[in-house]
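Data block for run31.txt (compact mmCIF, C-alpha atoms):
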```txt
# COMPACT_ATOMS: atom_id res chain seq x y z
CA LEU B 1 27.38 -7.32 29.00
CA GLY B 2 27.52 -6.56 32.72
CA GLU B 3 24.77 -3.95 33.00
CA LYS B 4 21.59 -4.72 34.88
CA LYS B 5 18.72 -4.88 32.39
CA TYR B 6 15.20 -3.86 33.30
CA VAL B 7 12.43 -4.78 30.91
CA ILE B 8 9.18 -2.91 31.43
CA ILE B 9 6.44 -4.97 29.82
CA ALA B 10 3.74 -2.46 28.96
CA ALA B 11 0.40 -4.22 29.20
CA GLY B 12 -1.70 -1.51 30.76
CA GLY B 13 -4.23 -1.33 27.95
CA TYR B 14 -7.47 -3.18 27.36
CA GLY B 15 -7.13 -4.07 23.69
CA SER B 16 -10.49 -2.89 22.44
CA ARG B 17 -9.51 -3.77 18.88
CA MET B 18 -9.32 -7.48 19.69
CA GLN B 19 -13.03 -7.90 20.46
CA THR B 20 -12.38 -10.30 23.34
CA ASP B 21 -12.97 -10.14 27.08
CA ILE B 22 -9.48 -11.31 27.92
CA PRO B 23 -6.84 -8.60 27.31
CA LYS B 24 -4.89 -9.58 24.22
CA GLN B 25 -1.59 -10.07 26.07
CA PHE B 26 -3.17 -13.05 27.85
CA LEU B 27 -4.65 -14.73 24.80
CA PRO B 28 -3.07 -18.08 23.99
CA LEU B 29 -0.56 -18.29 21.18
CA ALA B 30 0.41 -21.91 20.48
CA GLY B 31 -1.11 -22.67 23.89
CA ILE B 32 0.98 -20.12 25.80
CA PRO B 33 -0.13 -16.57 26.69
CA VAL B 34 1.26 -13.91 24.34
CA ILE B 35 2.96 -12.09 27.21
CA VAL B 36 4.87 -15.24 28.17
CA HIS B 37 6.33 -15.48 24.67
CA THR B 38 7.31 -11.82 24.94
CA ILE B 39 9.14 -12.33 28.25
CA GLN B 40 10.82 -15.52 27.03
CA SER B 41 12.25 -13.75 24.00
CA PHE B 42 14.26 -11.50 26.35
CA ILE B 43 15.37 -14.40 28.56
CA LYS B 44 16.78 -16.10 25.47
CA ALA B 45 18.92 -13.05 24.63
CA TRP B 46 19.89 -11.05 27.72
CA ASP B 47 21.25 -11.96 31.14
CA ASP B 48 21.02 -10.11 34.47
CA LEU B 49 17.35 -9.36 33.80
CA VAL B 50 14.55 -7.88 35.90
CA PHE B 51 11.07 -7.75 34.38
CA ILE B 52 8.49 -5.21 35.45
CA VAL B 53 5.06 -6.13 34.17
CA VAL B 54 2.62 -3.21 34.15
CA LEU B 55 -1.01 -4.32 34.21
CA PRO B 56 -4.53 -3.06 34.81
CA GLU B 57 -5.32 -3.71 38.48
CA GLU B 58 -8.16 -6.10 37.70
CA GLU B 59 -5.80 -8.34 35.73
CA MET B 60 -3.32 -8.89 38.56
CA GLU B 61 -4.88 -12.15 39.65
CA ARG B 62 -4.88 -13.61 36.15
CA TRP B 63 -1.26 -12.57 35.73
CA GLU B 64 -0.22 -14.08 39.06
CA LYS B 65 -1.50 -17.49 37.93
CA ILE B 66 0.34 -17.21 34.63
CA ARG B 67 3.56 -16.11 36.29
CA LYS B 68 3.51 -19.04 38.72
CA LYS B 69 2.82 -21.49 35.94
CA PHE B 70 5.50 -20.37 33.49
CA PHE B 71 8.32 -18.74 35.45
CA LYS B 72 10.45 -20.13 38.22
CA ARG B 73 12.66 -17.10 38.71
CA ASP B 74 11.86 -14.27 41.07
CA HIS B 75 12.94 -11.40 38.87
CA ILE B 76 9.48 -10.63 37.59
CA LEU B 77 7.83 -7.72 39.38
CA VAL B 78 4.39 -6.37 38.71
CA THR B 79 2.80 -2.95 39.10
CA LYS B 80 -0.40 -1.16 38.22
CA GLY B 81 -0.94 0.58 34.88
CA GLY B 82 -2.00 4.20 34.58
CA ALA B 83 -4.39 6.17 32.40
CA THR B 84 -2.00 6.18 29.42
CA ARG B 85 1.11 4.36 28.34
CA PHE B 86 3.14 7.25 29.75
CA HIS B 87 1.63 6.81 33.18
CA SER B 88 2.05 3.04 33.03
CA VAL B 89 5.75 3.22 32.15
CA LYS B 90 6.24 5.89 34.80
CA ASN B 91 4.74 3.52 37.38
CA GLY B 92 7.04 0.76 36.15
CA LEU B 93 10.09 2.98 36.44
CA LYS B 94 9.39 3.53 40.14
CA LEU B 95 10.42 -0.09 40.74
CA VAL B 96 13.82 0.41 39.12
CA LYS B 97 16.26 1.08 41.93
CA GLU B 98 19.76 0.37 40.58
CA LYS B 99 21.63 1.71 37.59
CA GLY B 100 21.34 -0.06 34.26
CA ILE B 101 19.56 -0.27 30.96
CA VAL B 102 15.76 -0.06 30.62
CA ALA B 103 13.88 -1.61 27.73
CA VAL B 104 10.20 -0.83 27.31
CA GLN B 105 8.43 -3.61 25.44
CA ASP B 106 4.89 -4.00 24.16
CA ALA B 107 3.39 -7.03 25.90
CA CYS B 108 1.85 -8.06 22.57
CA ARG B 109 5.07 -8.08 20.55
CA PRO B 110 6.20 -11.67 21.12
CA PHE B 111 8.66 -12.19 18.26
CA VAL B 112 11.60 -9.92 19.03
CA SER B 113 14.73 -11.76 17.93
CA LYS B 114 17.93 -12.32 19.87
CA GLU B 115 19.79 -10.54 17.11
CA LEU B 116 17.68 -7.38 17.40
CA LEU B 117 17.92 -7.45 21.20
CA MET B 118 21.73 -7.66 21.07
CA LYS B 119 21.84 -4.74 18.67
CA CYS B 120 19.53 -2.68 20.92
CA LEU B 121 21.81 -3.34 23.89
CA GLU B 122 24.96 -2.45 22.01
CA ILE B 123 23.64 0.85 20.66
CA THR B 124 22.09 1.83 24.00
CA LEU B 125 25.40 1.30 25.78
CA GLU B 126 27.17 3.31 23.11
CA LYS B 127 24.70 6.16 22.52
CA GLY B 128 22.26 6.22 25.43
CA ASN B 129 19.22 4.92 23.58
CA ALA B 130 18.11 2.69 20.70
CA VAL B 131 14.72 2.47 19.02
CA PRO B 132 14.02 -0.10 16.27
CA VAL B 133 12.11 1.11 13.22
CA ILE B 134 11.10 -0.36 9.88
CA ASP B 135 10.02 1.06 6.54
CA LEU B 136 6.35 1.65 5.85
CA LYS B 137 5.06 -0.85 3.33
CA ASP B 138 1.97 1.04 2.28
CA SER B 139 1.43 4.55 1.02
CA LEU B 140 0.61 7.01 3.76
CA ARG B 141 -2.21 9.54 4.06
CA GLU B 142 -2.65 12.15 6.74
CA LEU B 143 -6.16 12.97 7.91
CA VAL B 144 -6.86 16.68 7.77
CA LYS B 145 -10.27 17.95 8.87
CA ASP B 146 -12.81 16.02 6.78
CA ALA B 147 -10.30 15.12 4.08
CA SER B 148 -6.84 13.57 3.78
CA ARG B 149 -3.62 14.20 1.91
CA ASN B 150 -0.84 12.08 0.50
CA ARG B 151 2.42 11.94 2.48
CA ASN B 152 5.79 10.67 1.22
CA ARG B 153 6.12 7.35 3.02
CA ALA B 154 9.89 7.26 2.43
CA ARG B 155 10.17 10.06 4.98
CA TYR B 156 8.46 8.04 7.73
CA LYS B 157 9.29 4.96 9.80
CA ALA B 158 7.11 2.58 11.78
CA VAL B 159 8.37 2.34 15.36
CA GLN B 160 8.71 -1.01 17.12
CA THR B 161 9.75 -2.00 20.60
CA PRO B 162 11.85 -2.61 22.67
CA GLN B 163 12.68 1.03 23.06
CA CYS B 164 15.91 0.98 25.06
CA PHE B 165 17.49 3.65 27.24
CA GLN B 166 20.14 4.25 29.83
CA LEU B 167 18.17 4.37 33.09
CA ASP B 168 19.15 7.93 34.06
CA LEU B 169 18.09 9.26 30.69
CA LEU B 170 14.67 7.61 30.84
CA LYS B 171 14.02 8.51 34.48
CA GLN B 172 14.85 12.14 33.82
CA ALA B 173 12.59 12.20 30.74
CA TYR B 174 9.68 10.71 32.69
CA ARG B 175 9.83 13.59 35.18
CA GLN B 176 8.21 15.80 32.52
CA THR B 177 4.59 16.85 32.72
CA PHE B 178 2.44 14.59 30.55
CA LEU B 179 1.63 15.70 27.01
CA ASP B 180 -0.81 14.09 24.56
CA THR B 181 2.09 13.61 22.17
CA PHE B 182 3.77 11.13 24.56
CA THR B 183 2.55 8.07 22.67
CA ASP B 184 5.76 6.10 23.18
CA ASP B 185 9.00 6.35 25.14
CA ALA B 186 10.96 7.76 22.24
CA ALA B 187 8.53 10.70 22.16
CA VAL B 188 9.03 11.31 25.89
CA VAL B 189 12.83 11.16 25.69
CA GLU B 190 12.86 13.31 22.60
CA ALA B 191 10.73 15.97 24.33
CA ALA B 192 13.36 16.01 27.10
CA GLY B 193 15.87 17.16 24.50
CA HIS B 194 17.63 13.93 23.52
CA LYS B 195 18.26 12.61 20.06
CA ILE B 196 16.64 9.22 19.36
CA ASN B 197 18.95 6.64 17.77
CA LEU B 198 16.96 4.70 15.23
CA ILE B 199 18.14 1.18 14.44
CA GLU B 200 16.87 -1.25 11.83
CA GLY B 201 13.98 -3.29 13.28
CA ASP B 202 12.55 -6.54 11.99
CA PRO B 203 9.26 -7.15 10.12
CA ALA B 204 8.80 -10.35 12.16
CA ASN B 205 8.77 -8.27 15.35
CA PHE B 206 5.16 -7.31 14.79
CA LYS B 207 2.58 -6.32 17.37
CA ILE B 208 -0.56 -8.33 17.89
CA THR B 209 -3.40 -5.83 17.74
CA THR B 210 -6.23 -7.29 15.68
CA PRO B 211 -7.71 -10.80 15.38
CA PHE B 212 -5.90 -11.00 12.03
CA ASP B 213 -2.56 -10.40 13.76
CA LEU B 214 -3.27 -13.17 16.24
CA LYS B 215 -4.10 -15.53 13.40
CA MET B 216 -0.84 -14.66 11.67
CA ALA B 217 1.06 -15.03 14.92
CA GLU B 218 -0.40 -18.51 15.40
CA ARG B 219 0.83 -19.50 11.99
CA PHE B 220 4.21 -17.90 12.55
CA VAL B 221 4.88 -19.55 15.90
CA SER B 222 3.67 -22.98 14.89
CA THR B 223 6.30 -23.36 12.17
CA SER B 224 9.17 -21.44 13.76
CA PRO B 225 12.07 -23.26 15.40
CA LEU C 1 -23.34 -4.01 -11.50
CA GLY C 2 -23.32 -3.34 -15.21
CA GLU C 3 -20.21 -1.18 -15.57
CA LYS C 4 -17.18 -2.46 -17.39
CA LYS C 5 -14.38 -2.97 -14.88
CA TYR C 6 -10.74 -2.49 -15.80
CA VAL C 7 -8.15 -3.75 -13.36
CA ILE C 8 -4.66 -2.39 -13.90
CA ILE C 9 -2.26 -4.79 -12.23
CA ALA C 10 0.78 -2.69 -11.40
CA ALA C 11 3.82 -4.93 -11.58
CA GLY C 12 6.31 -2.59 -13.17
CA GLY C 13 8.83 -2.72 -10.32
CA TYR C 14 11.74 -5.03 -9.71
CA GLY C 15 11.26 -5.79 -6.01
CA SER C 16 14.76 -5.07 -4.77
CA ARG C 17 13.63 -5.71 -1.20
CA MET C 18 12.92 -9.37 -1.91
CA GLN C 19 16.52 -10.35 -2.66
CA THR C 20 15.54 -12.70 -5.47
CA ASP C 21 16.16 -12.72 -9.21
CA ILE C 22 12.54 -13.37 -10.06
CA PRO C 23 10.32 -10.31 -9.52
CA LYS C 24 8.24 -10.90 -6.43
CA GLN C 25 4.91 -10.94 -8.29
CA PHE C 26 6.03 -14.16 -9.99
CA LEU C 27 7.23 -15.97 -6.88
CA PRO C 28 5.18 -19.04 -6.03
CA LEU C 29 2.64 -18.80 -3.23
CA ALA C 30 1.15 -22.20 -2.45
CA GLY C 31 2.55 -23.26 -5.82
CA ILE C 32 0.87 -20.49 -7.82
CA PRO C 33 2.50 -17.15 -8.78
CA VAL C 34 1.52 -14.28 -6.50
CA ILE C 35 0.11 -12.29 -9.43
CA VAL C 36 -2.24 -15.15 -10.34
CA HIS C 37 -3.73 -15.09 -6.83
CA THR C 38 -4.15 -11.33 -7.19
CA ILE C 39 -6.01 -11.64 -10.49
CA GLN C 40 -8.15 -14.52 -9.21
CA SER C 41 -9.33 -12.48 -6.24
CA PHE C 42 -10.97 -10.03 -8.67
CA ILE C 43 -12.48 -12.78 -10.82
CA LYS C 44 -14.14 -14.17 -7.69
CA ALA C 45 -15.81 -10.83 -6.93
CA TRP C 46 -16.46 -8.78 -10.09
CA ASP C 47 -17.92 -9.55 -13.49
CA ASP C 48 -17.39 -7.85 -16.86
CA LEU C 49 -13.66 -7.62 -16.19
CA VAL C 50 -10.68 -6.63 -18.29
CA PHE C 51 -7.23 -6.97 -16.75
CA ILE C 52 -4.29 -4.86 -17.87
CA VAL C 53 -1.04 -6.25 -16.54
CA VAL C 54 1.80 -3.71 -16.55
CA LEU C 55 5.22 -5.35 -16.55
CA PRO C 56 8.90 -4.65 -17.16
CA GLU C 57 9.61 -5.50 -20.81
CA GLU C 58 12.06 -8.27 -19.94
CA GLU C 59 9.36 -10.07 -17.93
CA MET C 60 6.85 -10.33 -20.79
CA GLU C 61 7.92 -13.82 -21.77
CA ARG C 62 7.68 -15.17 -18.25
CA TRP C 63 4.25 -13.58 -17.89
CA GLU C 64 3.03 -15.02 -21.19
CA LYS C 65 3.77 -18.55 -19.97
CA ILE C 66 1.98 -17.92 -16.68
CA ARG C 67 -1.02 -16.40 -18.42
CA LYS C 68 -1.39 -19.36 -20.76
CA LYS C 69 -1.10 -21.82 -17.92
CA PHE C 70 -3.58 -20.24 -15.51
CA PHE C 71 -6.11 -18.28 -17.52
CA LYS C 72 -8.44 -19.41 -20.29
CA ARG C 73 -10.16 -16.11 -20.86
CA ASP C 74 -8.95 -13.49 -23.31
CA HIS C 75 -9.58 -10.43 -21.17
CA ILE C 76 -6.05 -10.14 -19.88
CA LEU C 77 -3.99 -7.54 -21.72
CA VAL C 78 -0.40 -6.69 -21.07
CA THR C 79 1.68 -3.56 -21.54
CA LYS C 80 5.11 -2.25 -20.66
CA GLY C 81 5.87 -0.52 -17.37
CA GLY C 82 7.44 2.91 -17.12
CA ALA C 83 10.10 4.53 -14.95
CA THR C 84 7.74 4.97 -12.01
CA ARG C 85 4.38 3.67 -10.90
CA PHE C 86 2.79 6.79 -12.40
CA HIS C 87 4.26 6.04 -15.81
CA SER C 88 3.28 2.38 -15.57
CA VAL C 89 -0.35 3.13 -14.73
CA LYS C 90 -0.44 5.79 -17.44
CA ASN C 91 0.71 3.16 -19.95
CA GLY C 92 -1.95 0.80 -18.69
CA LEU C 93 -4.66 3.44 -19.05
CA LYS C 94 -3.86 3.77 -22.75
CA LEU C 95 -5.41 0.34 -23.26
CA VAL C 96 -8.72 1.39 -21.69
CA LYS C 97 -11.03 2.32 -24.55
CA GLU C 98 -14.58 2.15 -23.20
CA LYS C 99 -16.26 3.83 -20.26
CA GLY C 100 -16.24 2.14 -16.88
CA ILE C 101 -14.54 1.75 -13.53
CA VAL C 102 -10.76 1.42 -13.21
CA ALA C 103 -9.13 -0.33 -10.27
CA VAL C 104 -5.38 -0.09 -9.85
CA GLN C 105 -4.05 -3.06 -7.89
CA ASP C 106 -0.60 -3.93 -6.56
CA ALA C 107 0.43 -7.20 -8.23
CA CYS C 108 1.79 -8.37 -4.87
CA ARG C 109 -1.41 -7.88 -2.87
CA PRO C 110 -3.06 -11.26 -3.38
CA PHE C 111 -5.58 -11.34 -0.51
CA VAL C 112 -8.15 -8.68 -1.37
CA SER C 113 -11.52 -10.01 -0.24
CA LYS C 114 -14.75 -10.14 -2.19
CA GLU C 115 -16.34 -8.03 0.54
CA LEU C 116 -13.78 -5.23 0.17
CA LEU C 117 -14.02 -5.36 -3.63
CA MET C 118 -17.80 -5.01 -3.52
CA LYS C 119 -17.51 -2.04 -1.19
CA CYS C 120 -14.91 -0.40 -3.47
CA LEU C 121 -17.24 -0.78 -6.42
CA GLU C 122 -20.25 0.61 -4.60
CA ILE C 123 -18.45 3.71 -3.32
CA THR C 124 -16.76 4.36 -6.67
CA LEU C 125 -20.11 4.27 -8.46
CA GLU C 126 -21.56 6.59 -5.86
CA LYS C 127 -18.71 9.07 -5.32
CA GLY C 128 -16.27 8.69 -8.21
CA ASN C 129 -13.47 7.00 -6.30
CA ALA C 130 -12.72 4.70 -3.37
CA VAL C 131 -9.39 4.02 -1.65
CA PRO C 132 -9.10 1.45 1.16
CA VAL C 133 -7.04 2.44 4.20
CA ILE C 134 -6.27 0.91 7.58
CA ASP C 135 -4.98 2.23 10.92
CA LEU C 136 -1.27 2.28 11.61
CA LYS C 137 -0.35 -0.32 14.20
CA ASP C 138 2.99 1.10 15.20
CA SER C 139 4.06 4.53 16.37
CA LEU C 140 5.22 6.78 13.56
CA ARG C 141 8.38 8.86 13.22
CA GLU C 142 9.17 11.32 10.48
CA LEU C 143 12.77 11.58 9.28
CA VAL C 144 14.01 15.16 9.33
CA LYS C 145 17.57 15.88 8.18
CA ASP C 146 19.81 13.65 10.32
CA ALA C 147 17.20 13.16 13.04
CA SER C 148 13.55 12.14 13.39
CA ARG C 149 10.45 13.28 15.24
CA ASN C 150 7.40 11.63 16.71
CA ARG C 151 4.15 11.95 14.75
CA ASN C 152 0.63 11.24 16.03
CA ARG C 153 -0.19 7.95 14.32
CA ALA C 154 -3.92 8.43 14.89
CA ARG C 155 -3.81 11.19 12.26
CA TYR C 156 -2.41 8.87 9.56
CA LYS C 157 -3.68 5.90 7.55
CA ALA C 158 -1.88 3.18 5.64
CA VAL C 159 -3.16 3.05 2.06
CA GLN C 160 -3.99 -0.25 0.37
CA THR C 161 -5.15 -1.16 -3.11
CA PRO C 162 -7.31 -1.52 -5.17
CA GLN C 163 -7.59 2.22 -5.65
CA CYS C 164 -10.77 2.57 -7.68
CA PHE C 165 -11.93 5.40 -9.94
CA GLN C 166 -14.45 6.34 -12.55
CA LEU C 167 -12.47 6.08 -15.78
CA ASP C 168 -12.90 9.72 -16.85
CA LEU C 169 -11.66 10.98 -13.49
CA LEU C 170 -8.53 8.82 -13.59
CA LYS C 171 -7.73 9.54 -17.23
CA GLN C 172 -8.03 13.25 -16.66
CA ALA C 173 -5.80 13.05 -13.57
CA TYR C 174 -3.14 11.11 -15.46
CA ARG C 175 -2.84 13.90 -18.02
CA GLN C 176 -0.93 15.94 -15.42
CA THR C 177 2.82 16.42 -15.61
CA PHE C 178 4.59 13.92 -13.37
CA LEU C 179 5.54 14.99 -9.85
CA ASP C 180 7.70 13.09 -7.34
CA THR C 181 4.76 13.09 -4.96
CA PHE C 182 2.74 10.84 -7.31
CA THR C 183 3.48 7.68 -5.32
CA ASP C 184 0.02 6.20 -5.81
CA ASP C 185 -3.13 6.88 -7.80
CA ALA C 186 -4.87 8.64 -4.96
CA ALA C 187 -2.04 11.18 -4.93
CA VAL C 188 -2.44 11.76 -8.67
CA VAL C 189 -6.21 12.19 -8.51
CA GLU C 190 -5.93 14.39 -5.45
CA ALA C 191 -3.43 16.66 -7.24
CA ALA C 192 -6.01 17.03 -10.02
CA GLY C 193 -8.35 18.58 -7.47
CA HIS C 194 -10.56 15.68 -6.45
CA LYS C 195 -11.39 14.54 -2.95
CA ILE C 196 -10.30 10.97 -2.16
CA ASN C 197 -12.96 8.80 -0.53
CA LEU C 198 -11.29 6.65 2.09
CA ILE C 199 -12.99 3.38 2.94
CA GLU C 200 -12.11 0.83 5.62
CA GLY C 201 -9.55 -1.64 4.24
CA ASP C 202 -8.61 -5.03 5.63
CA PRO C 203 -5.46 -6.08 7.51
CA ALA C 204 -5.46 -9.35 5.55
CA ASN C 205 -5.13 -7.38 2.32
CA PHE C 206 -1.41 -6.96 2.88
CA LYS C 207 1.30 -6.42 0.30
CA ILE C 208 4.11 -8.90 -0.18
CA THR C 209 7.28 -6.84 -0.06
CA THR C 210 9.86 -8.66 2.06
CA PRO C 211 10.81 -12.34 2.46
CA PHE C 212 8.96 -12.20 5.79
CA ASP C 213 5.77 -11.14 4.02
CA LEU C 214 6.06 -14.04 1.61
CA LYS C 215 6.53 -16.43 4.51
CA MET C 216 3.42 -15.05 6.20
CA ALA C 217 1.49 -15.20 2.93
CA GLU C 218 2.44 -18.88 2.56
CA ARG C 219 1.03 -19.59 5.98
CA PHE C 220 -2.04 -17.52 5.34
CA VAL C 221 -2.97 -19.13 2.02
CA SER C 222 -2.28 -22.68 3.16
CA THR C 223 -4.93 -22.57 5.86
CA SER C 224 -7.49 -20.33 4.20
CA PRO C 225 -10.64 -21.73 2.62
```
Reformat the file's structure so that it appears as structure tokens.
Amino acid sequence: LGEKKYVIIAAGGYGSRMQTDIPKQFLPLAGIPVIVHTIQSFIKAWDDLVFIVVLPEEEMERWEKIRKKFFKRDHILVTKGGATRFHSVKNGLKLVKEKGIVAVQDACRPFVSKELLMKCLEITLEKGNAVPVIDLKDSLRELVKDASRNRNRARYKAVQTPQCFQLDLLKQAYRQTFLDTFTDDAAVVEAAGHKINLIEGDPANFKITTPFDLKMAERFVSTSP
Amino acid sequence: LGEKKYVIIAAGGYGSRMQTDIPKQFLPLAGIPVIVHTIQSFIKAWDDLVFIVVLPEEEMERWEKIRKKFFKRDHILVTKGGATRFHSVKNGLKLVKEKGIVAVQDACRPFVSKELLMKCLEITLEKGNAVPVIDLKDSLRELVKDASRNRNRARYKAVQTPQCFQLDLLKQAYRQTFLDTFTDDAAVVEAAGHKINLIEGDPANFKITTPFDLKMAERFVSTSP
């Protein structure tokens, strides 16, 4: 599919939930940093790729070593993260010069399948955006003041990445003034007045957030083909 | 802790998401049915236990064989499931004759830790109920008509089991007329006018719902102590 594909790898955060000094995207998973798995999953599926890795400034040196060790190609750019995910992705978008498709990917979501990536691409080309979601497995409660209330989980979806957009659509959306509700790209694009196209995600495409997730990821990768 | 403890193992459902003929609670996990792991996790933590397994009628025979093979003790009762989880738990409650604590547990949640169980017990004795919850890892969207909208995931919690209650409280709550919103026991007790006490759950206490979950559970159990 002849479009240029930009993948913004969002790794601006510090991963306080992981209880480690090294940001979680750099932790080894089967001996290879998580973020390297994440990038490789795109290389296996898409061609004509440019990666834009968005990082805290103090992690640039660590990243540079990893990049040199694992990637020969030149199409991996890097830029500084901002105060929030919104500001990080906005910084990443500044490096996108040509027309194409933009995918925003969590650095710590290393198991996105070729199948899901092909579906994302297809729907984005057809409808302007594609966002993978999965069912909630557990019941859901909403916190209200000092209490909580039951919500109908069938009416909610858990949102994964990559969140994929036609470049013009995403660039235009990121011109908006920041709001607290901009917790992911779908929220930003939606606020700009566009309908989000939900597609069926994949339970295996999970995000590594806690030490438990990393443990599960280790087990998953060690027995996968 | 001298209270009698009833554990209602809710296994009334058919597990359509697992794409197998055998209900998922009976699928082998490290060679042992999932439901046996679930029951064993309580035996490791609590004393003075009575289990009430709630099953579809056509699964009684299969269960009886499993029970005889894995459990010597007599304190495992069985009863028929109903049309919904509410009706299944209500059937289970009919077998509870003495005072005590009631825990309602998903049959397919085999990894509840001793630590979490002790905390559940303590809070239930102190406050009348305890329901373990964890943070949502992914962004959250709510489905609205033919579209969806971003929700602030920080304001929501994923609800686990065991959901634990003083017997009188739960029995009284289950006298209510069924509502569609009664998707778990917390919802039923809440509708009866009681505050739900949320406690910090455990990511490892996950529910086996999809083939992916079972795969992860296999890996988890095979390397656990």
Using only C-alpha atoms, the residue out of B:Leu214, B:Ala173, B:Ala30, B:Ala147 with shortest distance to chain C is B:Ala147
Closest atom pairs, residues of chain B within 8 Å of chain C, only C-alpha atoms, as CSV:
```
residue,atom,partner,partner_atom,distance
B:Lys137,CA,C:Thr209,CA,7.2
B:Asp138,CA,C:Val159,CA,5.5
B:Ser139,CA,C:Val159,CA,4.9
B:Leu140,CA,C:Ala158,CA,4.9
B:Arg141,CA,C:Lys157,CA,5.3
B:Glu142,CA,C:Tyr156,CA,4.3
B:Leu143,CA,C:Arg155,CA,5.3
B:Val144,CA,C:Arg155,CA,7.7
B:Ala147,CA,C:Lys195,CA,7.1
B:Ser148,CA,C:Ile196,CA,7.3
B:Arg149,CA,C:Ala187,CA,7.6
B:Asn150,CA,C:Ala187,CA,5.6
B:Arg151,CA,C:Thr181,CA,7.9
B:Asn152,CA,C:Thr181,CA,6.7
B:Arg155,CA,C:Leu143,CA,5.2
B:Tyr156,CA,C:Glu142,CA,4.3
B:Lys157,CA,C:Arg141,CA,5.3
B:Ala158,CA,C:Leu140,CA,4.9
B:Val159,CA,C:Ser139,CA,4.9
B:Gln160,CA,C:Asp138,CA,6.4
B:Thr181,CA,C:Asn152,CA,6.7
B:Thr183,CA,C:Ser139,CA,7.4
B:Asp184,CA,C:Ser139,CA,7.2
B:Ala186,CA,C:Asn150,CA,7.6
B:Ala187,CA,C:Asn150,CA,5.6
B:Glu190,CA,C:Arg149,CA,7.7
B:Lys195,CA,C:Ala147,CA,7.1
B:Ile196,CA,C:Ser148,CA,7.3
B:Pro203,CA,C:Phe212,CA,6.7
B:Ala204,CA,C:Phe212,CA,6.6
B:Lys207,CA,C:Lys137,CA,7.4
B:Thr209,CA,C:Lys137,CA,7.2
B:Phe212,CA,C:Pro203,CA,6.7
B:Met216,CA,C:Met216,CA,6.9
B:Arg219,CA,C:Arg219,CA,6.0
B:Phe220,CA,C:Met216,CA,7.0
```
For the residues in the current selection, export C-alpha atoms as an mmCIF file, keeping the file's coordinate frame.
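Ended up saving to out00.cif:
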```cif
data_model
loop_
_atom_site.group_PDB
_atom_site.id
_atom_site.type_symbol
_atom_site.label_atom_id
_atom_site.label_comp_id
_atom_site.auth_asym_id
_atom_site.auth_seq_id
_atom_site.Cartn_x
_atom_site.Cartn_y
_atom_site.Cartn_z
ATOM 1 C CA LYS B 137 5.060 -0.850 3.330
ATOM 2 C CA ASP B 138 1.970 1.040 2.280
ATOM 3 C CA SER B 139 1.430 4.550 1.020
ATOM 4 C CA LEU B 140 0.610 7.010 3.760
ATOM 5 C CA ARG B 141 -2.210 9.540 4.060
ATOM 6 C CA GLU B 142 -2.650 12.150 6.740
ATOM 7 C CA LEU B 143 -6.160 12.970 7.910
ATOM 8 C CA VAL B 144 -6.860 16.680 7.770
ATOM 9 C CA ALA B 147 -10.300 15.120 4.080
ATOM 10 C CA SER B 148 -6.840 13.570 3.780
ATOM 11 C CA ARG B 149 -3.620 14.200 1.910
ATOM 12 C CA ASN B 150 -0.840 12.080 0.500
ATOM 13 C CA ARG B 151 2.420 11.940 2.480
ATOM 14 C CA ASN B 152 5.790 10.670 1.220
ATOM 15 C CA ARG B 155 10.170 10.060 4.980
ATOM 16 C CA TYR B 156 8.460 8.040 7.730
ATOM 17 C CA LYS B 157 9.290 4.960 9.800
ATOM 18 C CA ALA B 158 7.110 2.580 11.780
ATOM 19 C CA VAL B 159 8.370 2.340 15.360
ATOM 20 C CA GLN B 160 8.710 -1.010 17.120
ATOM 21 C CA THR B 181 2.090 13.610 22.170
ATOM 22 C CA THR B 183 2.550 8.070 22.670
ATOM 23 C CA ASP B 184 5.760 6.100 23.180
ATOM 24 C CA ALA B 186 10.960 7.760 22.240
ATOM 25 C CA ALA B 187 8.530 10.700 22.160
ATOM 26 C CA GLU B 190 12.860 13.310 22.600
ATOM 27 C CA LYS B 195 18.260 12.610 20.060
ATOM 28 C CA ILE B 196 16.640 9.220 19.360
ATOM 29 C CA PRO B 203 9.260 -7.150 10.120
ATOM 30 C CA ALA B 204 8.800 -10.350 12.160
ATOM 31 C CA LYS B 207 2.580 -6.320 17.370
ATOM 32 C CA THR B 209 -3.400 -5.830 17.740
ATOM 33 C CA PHE B 212 -5.900 -11.000 12.030
ATOM 34 C CA MET B 216 -0.840 -14.660 11.670
ATOM 35 C CA ARG B 219 0.830 -19.500 11.990
ATOM 36 C CA PHE B 220 4.210 -17.900 12.550
#
```
Just the number, please: distance in Å from atom CA of Thr177 of chain B to atom CA of Gln25 of chain B, one decimal.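 Going from atom CA of Thr177 of chain B over to atom CA of Gln25 of chain B, I get 28.4 Å.
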Val89 of chain C surroundings by only C-alpha atoms, 9 Å radius, close-in-sequence under 6 positions cut, as a ChimeraX atom specification: /C:8-10,12,54,81-82,104,174,185
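The space between atom CA of Leu93 of chain B and atom CA of Ala107 of chain B spans 16.0 Å.
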Give me the residues near segment 122-126 of chain B as a list in words, where near means some atom within 10 Å (using all atoms listed in the file) and where sequence neighbours in that chain fewer than 3 positions away do not count.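 Here the answer would be Leu1, Glu3, Gly100, Ile101, Val102, Ala103, Leu116, Leu117, Met118, Lys119, Asn129, Ala130, Val131, Gln163, Cys164, Phe165, Gln166, Asn197, Leu198 and Ile199 of chain B.
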Using all atoms listed in the file, what residues lie at most 8 Å away from (-2.3, -12.2, -5.0) (file coordinates), given as an MDAnalysis selection string? chainID C and resid 33:41 107:112
Quick one, how far is atom CA of Glu61 of chain B from atom CA of Asn91 of chain B?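 Going from atom CA of Glu61 of chain B over to atom CA of Asn91 of chain B, I get 18.5 Å.
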